[in-house]
Amino acid sequence: MKMLSLSFLTFLLFLTVEHNLSAQTNAKQPFKSVKIGNQEWMTMNWDYKTPKSFYYNNDSTIDAKYGRLYYYSNAIAACPPGWHLPTLDEWWELINYLGDINKAGPKMLADNDSSIHLLAGGYKSANINEGEELFGFLETYAFYWTATPDKEQTAYAVHITKSTGEIEITSYRRANGFSVRYVKDK
């Protein structure tokens, strides 16, 4: 029985590793990016299918613009080679380079060649309402995961209000689905 269990666990590990390698090598390259200060950021929301990634409202017709929404663990796992999910410190570096927390939001949302073009892609709530998935705030708020965990079930995300450019950095449940941007490894 122990041998069967060990074989099954080895098989599951093989499938997990193979899926992660496949996810990373099959992603479309090269990635559109912009250099801002000492960082190179992707200029589009990530759109690589993983088991825990979702289109807003499960509508695949909007993926070309908004990309997918990812659970925290999948935001880290879906990363292509040579890129990584930015830490909270890397987000602060970007925010400070663009002026500070009071000025950077509109610049990050701007649609110009020197911007990372953040999109107000809404989110998928960790809460469930009578078996229905809850999506909200499309074209109102931009939610982006950081690689920085907070507690066992939470991690930090950058939250930007589209109408005002106001930036909030808050800890959220990791089971929320947020947009993802990656930073090139140095």
# chains A, B, ... in the order shown; residues from 1 in each chain; ligands from 1
call {"tool": "closest_atom_pairs", "arguments": {"of": "stretch 46-85 of chain A", "to": "stretch 124-135 of chain A", "cutoff": "12 Å", "atoms": "only C-alpha atoms", "output": "JSON lines"}}
result
{"residue": "A:Lys52", "atom": "CA", "partner": "A:Lys124", "partner_atom": "CA", "distance": 11.1}
{"residue": "A:Ser53", "atom": "CA", "partner": "A:Lys124", "partner_atom": "CA", "distance": 9.7}
{"residue": "A:Phe54", "atom": "CA", "partner": "A:Lys124", "partner_atom": "CA", "distance": 8.0}
{"residue": "A:Tyr55", "atom": "CA", "partner": "A:Lys124", "partner_atom": "CA", "distance": 9.0}
{"residue": "A:Tyr56", "atom": "CA", "partner": "A:Phe135", "partner_atom": "CA", "distance": 6.6}
{"residue": "A:Asn57", "atom": "CA", "partner": "A:Phe135", "partner_atom": "CA", "distance": 5.8}
{"residue": "A:Asn58", "atom": "CA", "partner": "A:Phe135", "partner_atom": "CA", "distance": 8.9}
{"residue": "A:Asp59", "atom": "CA", "partner": "A:Phe135", "partner_atom": "CA", "distance": 10.9}
{"residue": "A:Arg68", "atom": "CA", "partner": "A:Lys124", "partner_atom": "CA", "distance": 10.0}
{"residue": "A:Leu69", "atom": "CA", "partner": "A:Lys124", "partner_atom": "CA", "distance": 6.9}
{"residue": "A:Tyr70", "atom": "CA", "partner": "A:Lys124", "partner_atom": "CA", "distance": 8.5}
{"residue": "A:Tyr71", "atom": "CA", "partner": "A:Lys124", "partner_atom": "CA", "distance": 8.9}
{"residue": "A:Tyr72", "atom": "CA", "partner": "A:Ala126", "partner_atom": "CA", "distance": 11.1}
call {"tool": "write_last_selection", "arguments": {"atoms": "all heavy atoms", "output": "short mmCIF file (atom, residue, chain, number, x, y, z; two decimals), in the first residue's frame"}}
result
data_model
loop_
_atom_site.label_atom_id
_atom_site.label_comp_id
_atom_site.auth_asym_id
_atom_site.auth_seq_id
_atom_site.Cartn_x
_atom_site.Cartn_y
_atom_site.Cartn_z
N LYS A 52 -6.63 27.86 -12.12
CA LYS A 52 -7.32 28.84 -11.28
C LYS A 52 -7.15 30.25 -11.83
O LYS A 52 -6.79 31.19 -11.13
CB LYS A 52 -6.82 28.76 -9.83
CG LYS A 52 -7.08 27.43 -9.17
CD LYS A 52 -8.56 27.19 -8.99
CE LYS A 52 -8.80 25.85 -8.30
NZ LYS A 52 -10.18 25.59 -8.07
N SER A 53 -7.43 30.40 -13.12
CA SER A 53 -7.47 31.73 -13.73
C SER A 53 -8.81 31.85 -14.45
O SER A 53 -9.40 30.86 -14.87
CB SER A 53 -6.31 31.92 -14.71
OG SER A 53 -6.42 31.04 -15.82
N PHE A 54 -9.29 33.09 -14.56
CA PHE A 54 -10.65 33.31 -15.03
C PHE A 54 -10.70 34.55 -15.93
O PHE A 54 -9.99 35.51 -15.71
CB PHE A 54 -11.59 33.57 -13.84
CG PHE A 54 -11.45 32.55 -12.77
CD1 PHE A 54 -10.51 32.68 -11.76
CD2 PHE A 54 -12.26 31.42 -12.76
CE1 PHE A 54 -10.37 31.73 -10.77
CE2 PHE A 54 -12.14 30.46 -11.78
CZ PHE A 54 -11.18 30.61 -10.79
N TYR A 55 -11.58 34.50 -16.90
CA TYR A 55 -11.93 35.73 -17.61
C TYR A 55 -12.96 36.45 -16.75
O TYR A 55 -13.74 35.82 -16.04
CB TYR A 55 -12.55 35.43 -18.97
CG TYR A 55 -11.61 34.75 -19.93
CD1 TYR A 55 -11.92 33.53 -20.48
CD2 TYR A 55 -10.41 35.35 -20.27
CE1 TYR A 55 -11.06 32.90 -21.37
CE2 TYR A 55 -9.55 34.73 -21.15
CZ TYR A 55 -9.87 33.52 -21.69
OH TYR A 55 -9.02 32.90 -22.56
N TYR A 56 -12.97 37.77 -16.84
CA TYR A 56 -13.98 38.54 -16.10
C TYR A 56 -15.36 38.03 -16.52
O TYR A 56 -15.66 37.92 -17.71
CB TYR A 56 -13.85 40.03 -16.39
CG TYR A 56 -14.82 40.86 -15.60
CD1 TYR A 56 -14.46 41.32 -14.33
CD2 TYR A 56 -16.08 41.13 -16.08
CE1 TYR A 56 -15.36 42.05 -13.58
CE2 TYR A 56 -16.98 41.86 -15.33
CZ TYR A 56 -16.61 42.31 -14.08
OH TYR A 56 -17.52 43.03 -13.32
N ASN A 57 -16.17 37.70 -15.55
CA ASN A 57 -17.54 37.20 -15.77
C ASN A 57 -17.55 35.93 -16.63
O ASN A 57 -18.54 35.65 -17.29
CB ASN A 57 -18.40 38.29 -16.39
CG ASN A 57 -19.73 38.41 -15.70
OD1 ASN A 57 -19.91 37.92 -14.59
ND2 ASN A 57 -20.66 39.07 -16.35
N ASN A 58 -16.41 35.23 -16.67
CA ASN A 58 -16.26 34.02 -17.49
C ASN A 58 -16.54 34.28 -18.97
O ASN A 58 -16.98 33.40 -19.69
CB ASN A 58 -17.14 32.89 -16.97
CG ASN A 58 -16.71 32.44 -15.59
OD1 ASN A 58 -15.52 32.26 -15.34
ND2 ASN A 58 -17.66 32.30 -14.69
N ASP A 59 -16.26 35.49 -19.42
CA ASP A 59 -16.51 35.92 -20.80
C ASP A 59 -15.19 36.00 -21.55
O ASP A 59 -14.43 36.95 -21.41
CB ASP A 59 -17.21 37.28 -20.79
CG ASP A 59 -17.54 37.80 -22.17
OD1 ASP A 59 -17.19 37.14 -23.18
OD2 ASP A 59 -18.15 38.87 -22.25
N ARG A 68 -6.49 37.64 -17.90
CA ARG A 68 -7.19 36.79 -16.94
C ARG A 68 -7.04 37.35 -15.53
O ARG A 68 -6.14 38.13 -15.25
CB ARG A 68 -6.62 35.37 -16.98
CG ARG A 68 -6.96 34.65 -18.26
CD ARG A 68 -6.30 33.27 -18.28
NE ARG A 68 -6.74 32.55 -19.44
CZ ARG A 68 -7.75 31.67 -19.44
NH1 ARG A 68 -8.40 31.41 -18.34
NH2 ARG A 68 -8.10 31.07 -20.55
N LEU A 69 -7.92 36.88 -14.67
CA LEU A 69 -7.84 37.16 -13.24
C LEU A 69 -7.30 35.89 -12.58
O LEU A 69 -7.78 34.79 -12.88
CB LEU A 69 -9.22 37.52 -12.69
CG LEU A 69 -9.89 38.72 -13.37
CD1 LEU A 69 -11.33 38.88 -12.89
CD2 LEU A 69 -9.09 39.99 -13.14
N TYR A 70 -6.33 36.04 -11.69
CA TYR A 70 -5.64 34.89 -11.11
C TYR A 70 -5.78 34.88 -9.59
O TYR A 70 -5.69 35.93 -8.95
CB TYR A 70 -4.13 34.96 -11.41
CG TYR A 70 -3.81 34.80 -12.86
CD1 TYR A 70 -3.81 35.89 -13.72
CD2 TYR A 70 -3.51 33.55 -13.39
CE1 TYR A 70 -3.52 35.75 -15.06
CE2 TYR A 70 -3.21 33.39 -14.74
CZ TYR A 70 -3.22 34.50 -15.56
OH TYR A 70 -2.93 34.36 -16.89
N TYR A 71 -5.92 33.66 -9.03
CA TYR A 71 -5.71 33.49 -7.61
C TYR A 71 -4.24 33.77 -7.35
O TYR A 71 -3.38 33.61 -8.23
CB TYR A 71 -6.04 32.08 -7.16
CG TYR A 71 -7.51 31.72 -7.17
CD1 TYR A 71 -7.89 30.39 -7.15
CD2 TYR A 71 -8.51 32.68 -7.17
CE1 TYR A 71 -9.22 30.02 -7.14
CE2 TYR A 71 -9.85 32.32 -7.16
CZ TYR A 71 -10.20 30.99 -7.15
OH TYR A 71 -11.52 30.63 -7.14
N TYR A 72 -3.91 34.15 -6.14
CA TYR A 72 -2.54 34.51 -5.78
C TYR A 72 -1.53 33.43 -6.17
O TYR A 72 -0.51 33.72 -6.81
CB TYR A 72 -2.47 34.81 -4.28
CG TYR A 72 -1.09 35.10 -3.77
CD1 TYR A 72 -0.51 36.35 -3.99
CD2 TYR A 72 -0.36 34.15 -3.08
CE1 TYR A 72 0.76 36.64 -3.52
CE2 TYR A 72 0.91 34.42 -2.62
CZ TYR A 72 1.46 35.66 -2.84
OH TYR A 72 2.72 35.93 -2.38
#
call {"tool": "residues_around", "arguments": {"residues": "A:Asp150", "least_positions_apart": "2", "cutoff": "10 Å", "atoms": "only C-alpha atoms", "output": "compact mmCIF listing (two decimals) with C-alpha atoms, in the first residue's frame"}}
result
# COMPACT_ATOMS: atom_id res chain seq x y z
CA ALA A 147 4.43 38.71 -4.70
CA THR A 148 4.42 39.84 -1.06
CA GLU A 152 -1.27 32.63 5.76
CA GLN A 153 -4.41 33.35 3.71
CA THR A 154 -3.67 36.92 2.55
CA ALA A 155 -1.25 38.81 0.31
CA TYR A 156 -0.78 42.41 -0.77
CA THR A 170 -4.05 46.52 0.86
CA SER A 171 -3.93 42.92 1.98
CA TYR A 172 -6.57 40.68 0.36
CA ARG A 173 -7.58 37.05 0.62
CA ARG A 174 -5.46 34.96 -1.75
call {"tool": "closest_atom_pairs", "arguments": {"of": "stretch 95-129 of chain A", "to": "stretch 32-41 of chain A", "cutoff": "8 Å", "atoms": "only C-alpha atoms", "output": "CSV"}}
result
residue,atom,partner,partner_atom,distance
A:Tyr97,CA,A:Gly37,CA,6.6
A:Asp113,CA,A:Val34,CA,7.8
A:Ser114,CA,A:Val34,CA,6.7
A:Ser115,CA,A:Val34,CA,7.2
A:Ile116,CA,A:Val34,CA,6.6
call {"tool": "write_last_selection", "arguments": {"atoms": "all heavy atoms", "output": "short mmCIF file (atom, residue, chain, number, x, y, z; two decimals), in the first residue's frame"}}
result
data_model
loop_
_atom_site.label_atom_id
_atom_site.label_comp_id
_atom_site.auth_asym_id
_atom_site.auth_seq_id
_atom_site.Cartn_x
_atom_site.Cartn_y
_atom_site.Cartn_z
N TYR A 97 9.01 56.36 -8.47
CA TYR A 97 9.64 56.86 -9.69
C TYR A 97 8.67 57.76 -10.47
O TYR A 97 9.07 58.74 -11.07
CB TYR A 97 10.11 55.70 -10.57
CG TYR A 97 10.85 56.17 -11.81
CD1 TYR A 97 12.21 56.44 -11.74
CD2 TYR A 97 10.18 56.36 -13.01
CE1 TYR A 97 12.90 56.90 -12.85
CE2 TYR A 97 10.86 56.82 -14.14
CZ TYR A 97 12.21 57.08 -14.05
OH TYR A 97 12.87 57.54 -15.15
N ASP A 113 3.16 55.70 -24.65
CA ASP A 113 4.33 54.82 -24.83
C ASP A 113 5.20 54.69 -23.58
O ASP A 113 5.98 53.76 -23.49
CB ASP A 113 5.18 55.31 -26.00
CG ASP A 113 4.48 55.09 -27.32
OD1 ASP A 113 3.57 54.24 -27.38
OD2 ASP A 113 4.84 55.76 -28.30
N SER A 114 5.10 55.62 -22.64
CA SER A 114 5.95 55.55 -21.45
C SER A 114 5.19 55.00 -20.25
O SER A 114 5.65 55.10 -19.13
CB SER A 114 6.49 56.94 -21.13
OG SER A 114 5.43 57.81 -20.83
N SER A 115 4.05 54.41 -20.49
CA SER A 115 3.23 53.90 -19.39
C SER A 115 3.15 52.38 -19.43
O SER A 115 3.35 51.77 -20.47
CB SER A 115 1.81 54.49 -19.49
OG SER A 115 0.97 53.89 -18.54
N ILE A 116 2.82 51.81 -18.29
CA ILE A 116 2.59 50.36 -18.26
C ILE A 116 1.14 50.03 -18.59
O ILE A 116 0.78 48.87 -18.64
CB ILE A 116 3.04 49.72 -16.94
CG1 ILE A 116 2.27 50.28 -15.75
CG2 ILE A 116 4.52 49.87 -16.74
CD1 ILE A 116 2.55 49.52 -14.47
#
call {"tool": "closest_residue", "arguments": {"among": "A:Pro149, A:Gly99, A:Gly136, A:Gly67", "to": "A:Lys49", "atoms": "only C-alpha atoms"}}
result
A:Gly67
call {"tool": "closest_residue", "arguments": {"among": "A:Asn74, A:Ser163, A:Thr146, A:Ser179", "to": "A:Pro86", "atoms": "only C-alpha atoms"}}
result
A:Thr146
call {"tool": "atom_distance", "arguments": {"atom1": "atom CA of A:Tyr66", "atom2": "atom CA of A:Leu119"}}
result
6.8 Å
call {"tool": "closest_atom_pairs", "arguments": {"of": "stretch 22-119 of chain A", "to": "stretch 157-160 of chain A", "cutoff": "8 Å", "atoms": "only C-alpha atoms", "output": "Markdown table"}}
result
| residue | atom | partner | partner_atom | distance |
| --- | --- | --- | --- | --- |
| A:Leu88 | CA | A:Ala157 | CA | 7.9 |
| A:Trp91 | CA | A:Val158 | CA | 8.0 |
| A:Gly105 | CA | A:Ile160 | CA | 6.6 |
call {"tool": "decode", "arguments": {"residues": "stretch 39-59 of chain A", "atoms": "N, CA and C atoms", "output": "PDB file, in the first residue's frame"}}
result
ATOM      1  N   GLN A  39      13.435  49.391 -13.853  1.00  0.00           N
ATOM      2  CA  GLN A  39      12.591  48.214 -13.984  1.00  0.00           C
ATOM      3  C   GLN A  39      12.035  48.095 -15.393  1.00  0.00           C
ATOM      4  N   GLU A  40      11.795  46.865 -15.822  1.00  0.00           N
ATOM      5  CA  GLU A  40      11.121  46.624 -17.096  1.00  0.00           C
ATOM      6  C   GLU A  40       9.818  45.889 -16.799  1.00  0.00           C
ATOM      7  N   TRP A  41       8.683  46.518 -17.120  1.00  0.00           N
ATOM      8  CA  TRP A  41       7.349  46.003 -16.818  1.00  0.00           C
ATOM      9  C   TRP A  41       6.642  45.558 -18.095  1.00  0.00           C
ATOM     10  N   MET A  42       5.875  44.492 -18.008  1.00  0.00           N
ATOM     11  CA  MET A  42       4.988  44.112 -19.112  1.00  0.00           C
ATOM     12  C   MET A  42       3.941  45.208 -19.264  1.00  0.00           C
ATOM     13  N   THR A  43       3.533  45.477 -20.503  1.00  0.00           N
ATOM     14  CA  THR A  43       2.545  46.530 -20.750  1.00  0.00           C
ATOM     15  C   THR A  43       1.150  45.978 -21.028  1.00  0.00           C
ATOM     16  N   MET A  44       0.965  44.697 -20.778  1.00  0.00           N
ATOM     17  CA  MET A  44      -0.368  44.109 -20.967  1.00  0.00           C
ATOM     18  C   MET A  44      -0.651  43.141 -19.826  1.00  0.00           C
ATOM     19  N   ASN A  45      -1.917  42.987 -19.509  1.00  0.00           N
ATOM     20  CA  ASN A  45      -2.287  42.037 -18.470  1.00  0.00           C
ATOM     21  C   ASN A  45      -2.017  40.622 -18.951  1.00  0.00           C
ATOM     22  N   TRP A  46      -1.552  39.792 -18.050  1.00  0.00           N
ATOM     23  CA  TRP A  46      -1.196  38.428 -18.384  1.00  0.00           C
ATOM     24  C   TRP A  46      -2.447  37.645 -18.742  1.00  0.00           C
ATOM     25  N   ASP A  47      -2.312  36.792 -19.754  1.00  0.00           N
ATOM     26  CA  ASP A  47      -3.454  36.008 -20.245  1.00  0.00           C
ATOM     27  C   ASP A  47      -2.996  34.596 -20.582  1.00  0.00           C
ATOM     28  N   TYR A  48      -2.534  33.886 -19.568  1.00  0.00           N
ATOM     29  CA  TYR A  48      -2.149  32.497 -19.773  1.00  0.00           C
ATOM     30  C   TYR A  48      -3.059  31.621 -18.918  1.00  0.00           C
ATOM     31  N   LYS A  49      -3.676  30.635 -19.546  1.00  0.00           N
ATOM     32  CA  LYS A  49      -4.642  29.792 -18.851  1.00  0.00           C
ATOM     33  C   LYS A  49      -3.956  28.893 -17.827  1.00  0.00           C
ATOM     34  N   THR A  50      -4.428  28.952 -16.607  1.00  0.00           N
ATOM     35  CA  THR A  50      -4.037  28.036 -15.541  1.00  0.00           C
ATOM     36  C   THR A  50      -5.329  27.496 -14.929  1.00  0.00           C
ATOM     37  N   PRO A  51      -5.253  26.444 -14.139  1.00  0.00           N
ATOM     38  CA  PRO A  51      -6.486  25.896 -13.550  1.00  0.00           C
ATOM     39  C   PRO A  51      -7.274  26.894 -12.711  1.00  0.00           C
ATOM     40  N   LYS A  52      -6.627  27.859 -12.117  1.00  0.00           N
ATOM     41  CA  LYS A  52      -7.321  28.841 -11.279  1.00  0.00           C
ATOM     42  C   LYS A  52      -7.151  30.250 -11.829  1.00  0.00           C
ATOM     43  N   SER A  53      -7.433  30.399 -13.120  1.00  0.00           N
ATOM     44  CA  SER A  53      -7.473  31.727 -13.735  1.00  0.00           C
ATOM     45  C   SER A  53      -8.813  31.854 -14.445  1.00  0.00           C
ATOM     46  N   PHE A  54      -9.288  33.088 -14.560  1.00  0.00           N
ATOM     47  CA  PHE A  54     -10.651  33.311 -15.035  1.00  0.00           C
ATOM     48  C   PHE A  54     -10.702  34.547 -15.931  1.00  0.00           C
ATOM     49  N   TYR A  55     -11.579  34.503 -16.899  1.00  0.00           N
ATOM     50  CA  TYR A  55     -11.929  35.732 -17.607  1.00  0.00           C
ATOM     51  C   TYR A  55     -12.957  36.452 -16.752  1.00  0.00           C
ATOM     52  N   TYR A  56     -12.970  37.774 -16.837  1.00  0.00           N
ATOM     53  CA  TYR A  56     -13.982  38.535 -16.103  1.00  0.00           C
ATOM     54  C   TYR A  56     -15.360  38.026 -16.519  1.00  0.00           C
ATOM     55  N   ASN A  57     -16.167  37.700 -15.547  1.00  0.00           N
ATOM     56  CA  ASN A  57     -17.537  37.200 -15.772  1.00  0.00           C
ATOM     57  C   ASN A  57     -17.554  35.928 -16.632  1.00  0.00           C
ATOM     58  N   ASN A  58     -16.415  35.230 -16.668  1.00  0.00           N
ATOM     59  CA  ASN A  58     -16.259  34.019 -17.491  1.00  0.00           C
ATOM     60  C   ASN A  58     -16.541  34.282 -18.970  1.00  0.00           C
ATOM     61  N   ASP A  59     -16.255  35.493 -19.423  1.00  0.00           N
ATOM     62  CA  ASP A  59     -16.509  35.920 -20.797  1.00  0.00           C
ATOM     63  C   ASP A  59     -15.188  35.995 -21.555  1.00  0.00           C
TER      64      ASP A  59
END
